[in-house]
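What follows is one structure encoded as structure tokens, with my remarks underneath.
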Amino acid sequence: MGKLTLYGLEASPPTRSCLLTLKALELPFDFVVVNLLAGEHLLPDYLEKNPQHTVPLLEDDEVCIWDSHAIMPYLVGKYATTDALYPKDLYQRAVVDQRLHYDSGSMFVGTMRALTRPLLFLGATVIEQSKIDAVAEVYDLVETFLGDNDYIAGTELTIADFSCVTTMCSLKVFLEPDPNKYPKIVAWMERLRELPYYEKANGVGAAIFESLIKSKNFTIESN
Ligand SMILES: N[C@@H](CCC(=O)N[C@@H](CS)C(=O)NCC(=O)O)C(=O)O
């Protein structure tokens, strides 16, 4: 097996999705911190590995792969002993892929980054109510995705859970899901918290993210 190195930041949700995958697969890896707030992702050595300057980035011997939604399927495809976390069955895989794309395109970029980028990188101190309302729209959809299943893409744990739970934990900082309105989301998040590797891979970083956001002392402005 190759030497695996994950470059990232624990506060970053997609980094945590990859940490959950690496831990679930019990793979040995090195973790290299890339401090985005200090601009380390824009240094020439990092740009050579990932010209898109995002974290996470996975180095597997000589190859570099970035975007958590590409890294997770790669890790399962290359190193897992079963396909449970990323099923080979085409329909089941399509459901997992849909959730991954939903996280990548809507939940993370459309909703979460729209909240965090102004606070963390642009010096904003006010958040528009419409951006908080967008979080509730994500919750409405995720509650529907869960349906009667224990996991977000069906009856089994998959990388779709790892992808979505890290973003959801971070959205929670802006809007706590009401257990009466979103009982399935609350139960699903509790269920994932029981994974033996959850706290180390996601809990710690989610808490760092929460303090970072709260330290900005932002206010919410009605539209
Ligand atoms: N779709 C990407 C998103 C990665 C991303 O935007 N990461 C943020 C941190 S959470 C980042 O690296 N931002 C710095 C930048 O875009 O320059 C993934 O899942 O890996």
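Ligands are numbered from 1 in the order shown, chains are lettered A, B, ... in the order of the structure tokens, and residues start at 1 in each chain.
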Find the residues of chain A that sit at most 8 Å from ligand 1; for each, write down the nearest two atoms and how far apart they are in Å, to one decimal. Count only C-alpha atoms and all ligand atoms. Sort by chain, then by number going up, and give it as JSON lines.
{"residue": "A:Gly8", "atom": "CA", "partner": "ligand 1", "partner_atom_place_in_ligand_line": "12 (O)", "distance": 7.9}
{"residue": "A:Leu9", "atom": "CA", "partner": "ligand 1", "partner_atom_place_in_ligand_line": "9 (C)", "distance": 7.7}
{"residue": "A:Ala11", "atom": "CA", "partner": "ligand 1", "partner_atom_place_in_ligand_line": "10 (S)", "distance": 7.4}
{"residue": "A:Ser12", "atom": "CA", "partner": "ligand 1", "partner_atom_place_in_ligand_line": "10 (S)", "distance": 4.0}
{"residue": "A:Pro13", "atom": "CA", "partner": "ligand 1", "partner_atom_place_in_ligand_line": "10 (S)", "distance": 5.6}
{"residue": "A:Pro14", "atom": "CA", "partner": "ligand 1", "partner_atom_place_in_ligand_line": "19 (O)", "distance": 4.7}
{"residue": "A:Thr15", "atom": "CA", "partner": "ligand 1", "partner_atom_place_in_ligand_line": "20 (O)", "distance": 7.0}
{"residue": "A:Leu36", "atom": "CA", "partner": "ligand 1", "partner_atom_place_in_ligand_line": "14 (C)", "distance": 6.3}
{"residue": "A:His41", "atom": "CA", "partner": "ligand 1", "partner_atom_place_in_ligand_line": "17 (O)", "distance": 6.7}
{"residue": "A:Leu42", "atom": "CA", "partner": "ligand 1", "partner_atom_place_in_ligand_line": "17 (O)", "distance": 7.4}
{"residue": "A:Gln52", "atom": "CA", "partner": "ligand 1", "partner_atom_place_in_ligand_line": "17 (O)", "distance": 7.0}
{"residue": "A:His53", "atom": "CA", "partner": "ligand 1", "partner_atom_place_in_ligand_line": "17 (O)", "distance": 5.0}
{"residue": "A:Thr54", "atom": "CA", "partner": "ligand 1", "partner_atom_place_in_ligand_line": "12 (O)", "distance": 3.1}
{"residue": "A:Val55", "atom": "CA", "partner": "ligand 1", "partner_atom_place_in_ligand_line": "12 (O)", "distance": 4.0}
{"residue": "A:Pro56", "atom": "CA", "partner": "ligand 1", "partner_atom_place_in_ligand_line": "20 (O)", "distance": 5.3}
{"residue": "A:Leu57", "atom": "CA", "partner": "ligand 1", "partner_atom_place_in_ligand_line": "20 (O)", "distance": 7.5}
{"residue": "A:Trp66", "atom": "CA", "partner": "ligand 1", "partner_atom_place_in_ligand_line": "20 (O)", "distance": 6.2}
{"residue": "A:Asp67", "atom": "CA", "partner": "ligand 1", "partner_atom_place_in_ligand_line": "20 (O)", "distance": 3.2}
{"residue": "A:Ser68", "atom": "CA", "partner": "ligand 1", "partner_atom_place_in_ligand_line": "20 (O)", "distance": 3.9}
{"residue": "A:His69", "atom": "CA", "partner": "ligand 1", "partner_atom_place_in_ligand_line": "19 (O)", "distance": 5.4}
{"residue": "A:Ala70", "atom": "CA", "partner": "ligand 1", "partner_atom_place_in_ligand_line": "20 (O)", "distance": 7.9}
{"residue": "A:Ser104", "atom": "CA", "partner": "ligand 1", "partner_atom_place_in_ligand_line": "1 (N)", "distance": 5.1}
{"residue": "A:Gly105", "atom": "CA", "partner": "ligand 1", "partner_atom_place_in_ligand_line": "1 (N)", "distance": 7.6}
{"residue": "A:Phe108", "atom": "CA", "partner": "ligand 1", "partner_atom_place_in_ligand_line": "3 (C)", "distance": 7.5}
{"residue": "A:Val109", "atom": "CA", "partner": "ligand 1", "partner_atom_place_in_ligand_line": "6 (O)", "distance": 7.4}
{"residue": "A:Arg113", "atom": "CA", "partner": "ligand 1", "partner_atom_place_in_ligand_line": "6 (O)", "distance": 7.7}
Practice task
Within 12 Å of Glu199 (chain A), counting only C-alpha atoms, which residues show up once you throw out same-chain ones fewer than 4 positions away? Write them as an MDAnalysis selection string, please.
Solution key: chainID A and resid 10 16 19:20 23 166 190 192:195 203:207
Problem - Closest of A:Val135, A:Ala160, A:Ile127, A:Leu25 to Leu75 (chain A) - atom-to-atom distances counting only C-alpha atoms - result: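 That would be A:Leu25, the residue with the smallest distance to Leu75 (chain A).
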Exercise for the section: Identify all residues of region 44-215 of chain A in strand (DSSP E) (DSSP on the backbone) and supply them as a list in words. Expected result: Leu57, Leu58, Glu59, Asp60, Val63, Cys64, Ile65, Trp66, Val126, Ile127 and Glu128 of chain A
Handout entry: All residues 10 Å or closer to region 1-6 of chain A, only C-alpha atoms, same chain fewer than 6 positions away omitted, as a PyMOL selection string
Key = chain A and resi 15+18-19+22+27-34+55-66+71+75+78-79
N, CA and C atoms of the current selection, written as a tab-separated table (two decimals), in the first residue's frame:
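Wrote it out as again-v1.tsv, contents follow:
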chain	number	residue	atom	x	y	z
A	15	THR	N	-12.39	18.24	4.95
A	15	THR	CA	-11.23	17.54	5.51
A	15	THR	C	-11.72	16.47	6.47
A	18	CYS	N	-12.97	13.29	4.89
A	18	CYS	CA	-11.88	12.38	4.51
A	18	CYS	C	-11.29	11.69	5.74
A	19	LEU	N	-11.21	12.42	6.86
A	19	LEU	CA	-10.71	11.79	8.09
A	19	LEU	C	-11.65	10.65	8.51
A	22	LEU	N	-10.90	7.70	6.16
A	22	LEU	CA	-9.61	7.05	6.49
A	22	LEU	C	-9.73	6.22	7.76
A	27	LEU	N	-7.05	2.99	7.81
A	27	LEU	CA	-5.83	3.17	7.01
A	27	LEU	C	-4.82	4.03	7.77
A	28	PRO	N	-3.54	3.65	7.73
A	28	PRO	CA	-2.53	4.52	8.33
A	28	PRO	C	-2.29	5.72	7.41
A	29	PHE	N	-2.15	6.91	8.00
A	29	PHE	CA	-1.90	8.09	7.17
A	29	PHE	C	-1.23	9.17	8.01
A	30	ASP	N	-0.54	10.08	7.31
A	30	ASP	CA	-0.01	11.26	7.99
A	30	ASP	C	-0.98	12.39	7.75
A	31	PHE	N	-1.07	13.28	8.74
A	31	PHE	CA	-1.95	14.45	8.57
A	31	PHE	C	-1.09	15.70	8.60
A	32	VAL	N	-1.14	16.48	7.53
A	32	VAL	CA	-0.36	17.72	7.47
A	32	VAL	C	-1.34	18.89	7.53
A	33	VAL	N	-1.16	19.74	8.55
A	33	VAL	CA	-2.06	20.89	8.71
A	33	VAL	C	-1.72	21.97	7.68
A	34	VAL	N	-2.73	22.43	6.98
A	34	VAL	CA	-2.58	23.57	6.07
A	34	VAL	C	-3.42	24.70	6.66
A	55	VAL	N	-8.39	22.63	0.62
A	55	VAL	CA	-8.18	21.44	1.44
A	55	VAL	C	-9.53	20.75	1.49
A	56	PRO	N	-9.54	19.44	1.59
A	56	PRO	CA	-8.43	18.51	1.73
A	56	PRO	C	-7.75	18.17	0.39
A	57	LEU	N	-6.54	17.64	0.56
A	57	LEU	CA	-5.77	17.10	-0.56
A	57	LEU	C	-5.18	15.78	-0.07
A	58	LEU	N	-5.29	14.76	-0.90
A	58	LEU	CA	-4.70	13.46	-0.54
A	58	LEU	C	-3.50	13.20	-1.43
A	59	GLU	N	-2.40	12.81	-0.79
A	59	GLU	CA	-1.23	12.39	-1.55
A	59	GLU	C	-1.09	10.89	-1.32
A	60	ASP	N	-1.07	10.12	-2.39
A	60	ASP	CA	-0.91	8.67	-2.27
A	60	ASP	C	0.34	8.33	-3.07
A	61	ASP	N	1.45	8.14	-2.37
A	61	ASP	CA	2.76	8.05	-3.02
A	61	ASP	C	2.95	9.25	-3.93
A	62	GLU	N	2.95	9.01	-5.26
A	62	GLU	CA	3.28	10.09	-6.19
A	62	GLU	C	2.06	10.91	-6.63
A	63	VAL	N	0.84	10.38	-6.40
A	63	VAL	CA	-0.31	11.08	-6.97
A	63	VAL	C	-1.01	11.98	-5.94
A	64	CYS	N	-1.55	13.08	-6.46
A	64	CYS	CA	-2.30	14.02	-5.62
A	64	CYS	C	-3.75	14.04	-6.09
A	65	ILE	N	-4.67	13.96	-5.14
A	65	ILE	CA	-6.10	14.02	-5.46
A	65	ILE	C	-6.72	15.05	-4.54
A	66	TRP	N	-7.47	15.97	-5.09
A	66	TRP	CA	-8.18	16.91	-4.23
A	66	TRP	C	-9.65	16.89	-4.54
A	71	ILE	N	-11.78	12.18	-3.30
A	71	ILE	CA	-10.88	11.44	-2.41
A	71	ILE	C	-11.58	10.23	-1.78
A	75	LEU	N	-10.42	6.31	-2.05
A	75	LEU	CA	-9.93	5.52	-0.90
A	75	LEU	C	-10.69	4.20	-0.79
A	78	LYS	N	-9.80	1.88	-3.78
A	78	LYS	CA	-8.44	1.33	-3.77
A	78	LYS	C	-8.14	0.47	-2.54
A	79	TYR	N	-8.67	0.85	-1.39
A	79	TYR	CA	-8.20	0.20	-0.17
A	79	TYR	C	-9.24	-0.59	0.63
Within 8 Å of Phe174 (chain A), counting only C-alpha atoms, which residues qualify if same-chain residues fewer than 2 places away don't, as a compact mmCIF listing (two decimals) with C-alpha atoms, in the first residue's frame?
# COMPACT_ATOMS: atom_id res chain seq x y z
CA ILE A 132 -29.95 31.39 7.59
CA VAL A 135 -29.99 26.41 6.06
CA SER A 170 -21.16 23.09 10.70
CA LEU A 171 -24.54 24.42 9.52
CA LYS A 172 -25.83 23.59 13.00
CA GLU A 176 -29.82 24.33 15.42
Name the residues of region 103-217 of chain A that fall into alpha helix (DSSP H) according to DSSP on the backbone, using the chain letters and numbers of this document, as an mmCIF file with C-alpha atoms, in the first residue's frame.
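result-v1.cif was written with the following content:
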data_model
loop_
_atom_site.group_PDB
_atom_site.id
_atom_site.type_symbol
_atom_site.label_atom_id
_atom_site.label_comp_id
_atom_site.auth_asym_id
_atom_site.auth_seq_id
_atom_site.Cartn_x
_atom_site.Cartn_y
_atom_site.Cartn_z
ATOM 1 C CA ALA A 114 -21.999 31.558 1.637
ATOM 2 C CA LEU A 115 -22.130 31.940 5.418
ATOM 3 C CA THR A 116 -18.535 31.251 6.378
ATOM 4 C CA ARG A 117 -16.517 32.973 3.634
ATOM 5 C CA PRO A 118 -17.722 36.510 4.470
ATOM 6 C CA LEU A 119 -17.092 35.922 8.186
ATOM 7 C CA LEU A 120 -13.748 34.171 7.965
ATOM 8 C CA PHE A 121 -12.111 35.771 4.953
ATOM 9 C CA GLN A 129 -31.380 36.325 7.435
ATOM 10 C CA SER A 130 -31.886 34.877 3.919
ATOM 11 C CA LYS A 131 -28.651 32.897 4.350
ATOM 12 C CA ILE A 132 -29.951 31.392 7.590
ATOM 13 C CA ASP A 133 -33.254 30.606 5.841
ATOM 14 C CA ALA A 134 -31.245 28.684 3.249
ATOM 15 C CA VAL A 135 -29.992 26.415 6.059
ATOM 16 C CA ALA A 136 -33.599 25.504 6.913
ATOM 17 C CA GLU A 137 -34.159 24.630 3.241
ATOM 18 C CA VAL A 138 -31.205 22.221 3.424
ATOM 19 C CA TYR A 139 -32.706 20.642 6.554
ATOM 20 C CA ASP A 140 -36.085 20.201 4.814
ATOM 21 C CA LEU A 141 -34.390 18.309 2.018
ATOM 22 C CA VAL A 142 -32.082 16.197 4.202
ATOM 23 C CA GLU A 143 -35.052 15.184 6.379
ATOM 24 C CA THR A 144 -36.702 13.963 3.151
ATOM 25 C CA PHE A 145 -33.511 12.210 1.935
ATOM 26 C CA LEU A 146 -33.398 10.246 5.182
ATOM 27 C CA ILE A 159 -19.358 7.913 2.286
ATOM 28 C CA ALA A 160 -22.481 10.029 1.625
ATOM 29 C CA ASP A 161 -22.979 10.099 5.403
ATOM 30 C CA PHE A 162 -19.373 11.192 5.917
ATOM 31 C CA SER A 163 -19.761 13.881 3.266
ATOM 32 C CA CYS A 164 -23.025 15.338 4.534
ATOM 33 C CA VAL A 165 -22.597 15.013 8.300
ATOM 34 C CA THR A 166 -19.528 17.242 8.448
ATOM 35 C CA THR A 167 -21.307 20.035 6.567
ATOM 36 C CA MET A 168 -24.479 19.533 8.604
ATOM 37 C CA CYS A 169 -22.510 19.774 11.883
ATOM 38 C CA SER A 170 -21.158 23.090 10.699
ATOM 39 C CA LEU A 171 -24.544 24.416 9.520
ATOM 40 C CA PRO A 183 -36.467 14.312 14.129
ATOM 41 C CA LYS A 184 -34.774 12.185 11.460
ATOM 42 C CA ILE A 185 -31.833 14.555 11.101
ATOM 43 C CA VAL A 186 -31.337 14.721 14.862
ATOM 44 C CA ALA A 187 -31.495 10.889 15.173
ATOM 45 C CA TRP A 188 -29.128 10.420 12.206
ATOM 46 C CA MET A 189 -26.555 12.790 13.668
ATOM 47 C CA GLU A 190 -26.797 10.951 17.012
ATOM 48 C CA ARG A 191 -26.363 7.611 15.226
ATOM 49 C CA LEU A 192 -23.193 8.759 13.486
ATOM 50 C CA ARG A 193 -21.825 10.140 16.744
ATOM 51 C CA TYR A 198 -16.420 9.824 15.058
ATOM 52 C CA VAL A 204 -12.964 17.683 17.582
ATOM 53 C CA GLY A 205 -12.783 19.649 14.322
ATOM 54 C CA ALA A 206 -16.476 20.574 14.446
ATOM 55 C CA ALA A 207 -15.908 22.085 17.914
ATOM 56 C CA ILE A 208 -12.930 24.085 16.590
ATOM 57 C CA PHE A 209 -15.099 25.312 13.705
ATOM 58 C CA GLU A 210 -17.860 26.323 16.115
ATOM 59 C CA SER A 211 -15.531 28.392 18.338
ATOM 60 C CA LEU A 212 -13.976 30.017 15.285
ATOM 61 C CA ILE A 213 -17.368 31.102 13.942
ATOM 62 C CA LYS A 214 -18.645 32.207 17.344
#
Practice task
Using only C-alpha atoms, pick whichever of A:Asn149, A:Thr158, A:Thr125, A:Thr111 has the shortest atom-to-atom distance to Tyr86 (chain A).
Solution key: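 With only C-alpha atoms as the atom set, the closest residue is A:Thr158.
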Handout entry: d(CA of Asp89 (chain A), CA of Gly154 (chain A)) in Å
Key = 12.7 Å
Exercise for the section: Name the closest residue to Tyr197 (chain A) among the candidates A:Pro44, A:Leu100, A:Ser17, A:Tyr7; distances are taken between atoms, counting only C-alpha atoms. Expected result: A:Ser17
Handout entry: Polymer residues at most 9 Å from Leu157 (chain A), only C-alpha atoms, same-chain spacing of 6 or more positions, as an MDAnalysis selection string
Key = chainID A and resid 84:85 150:151 192
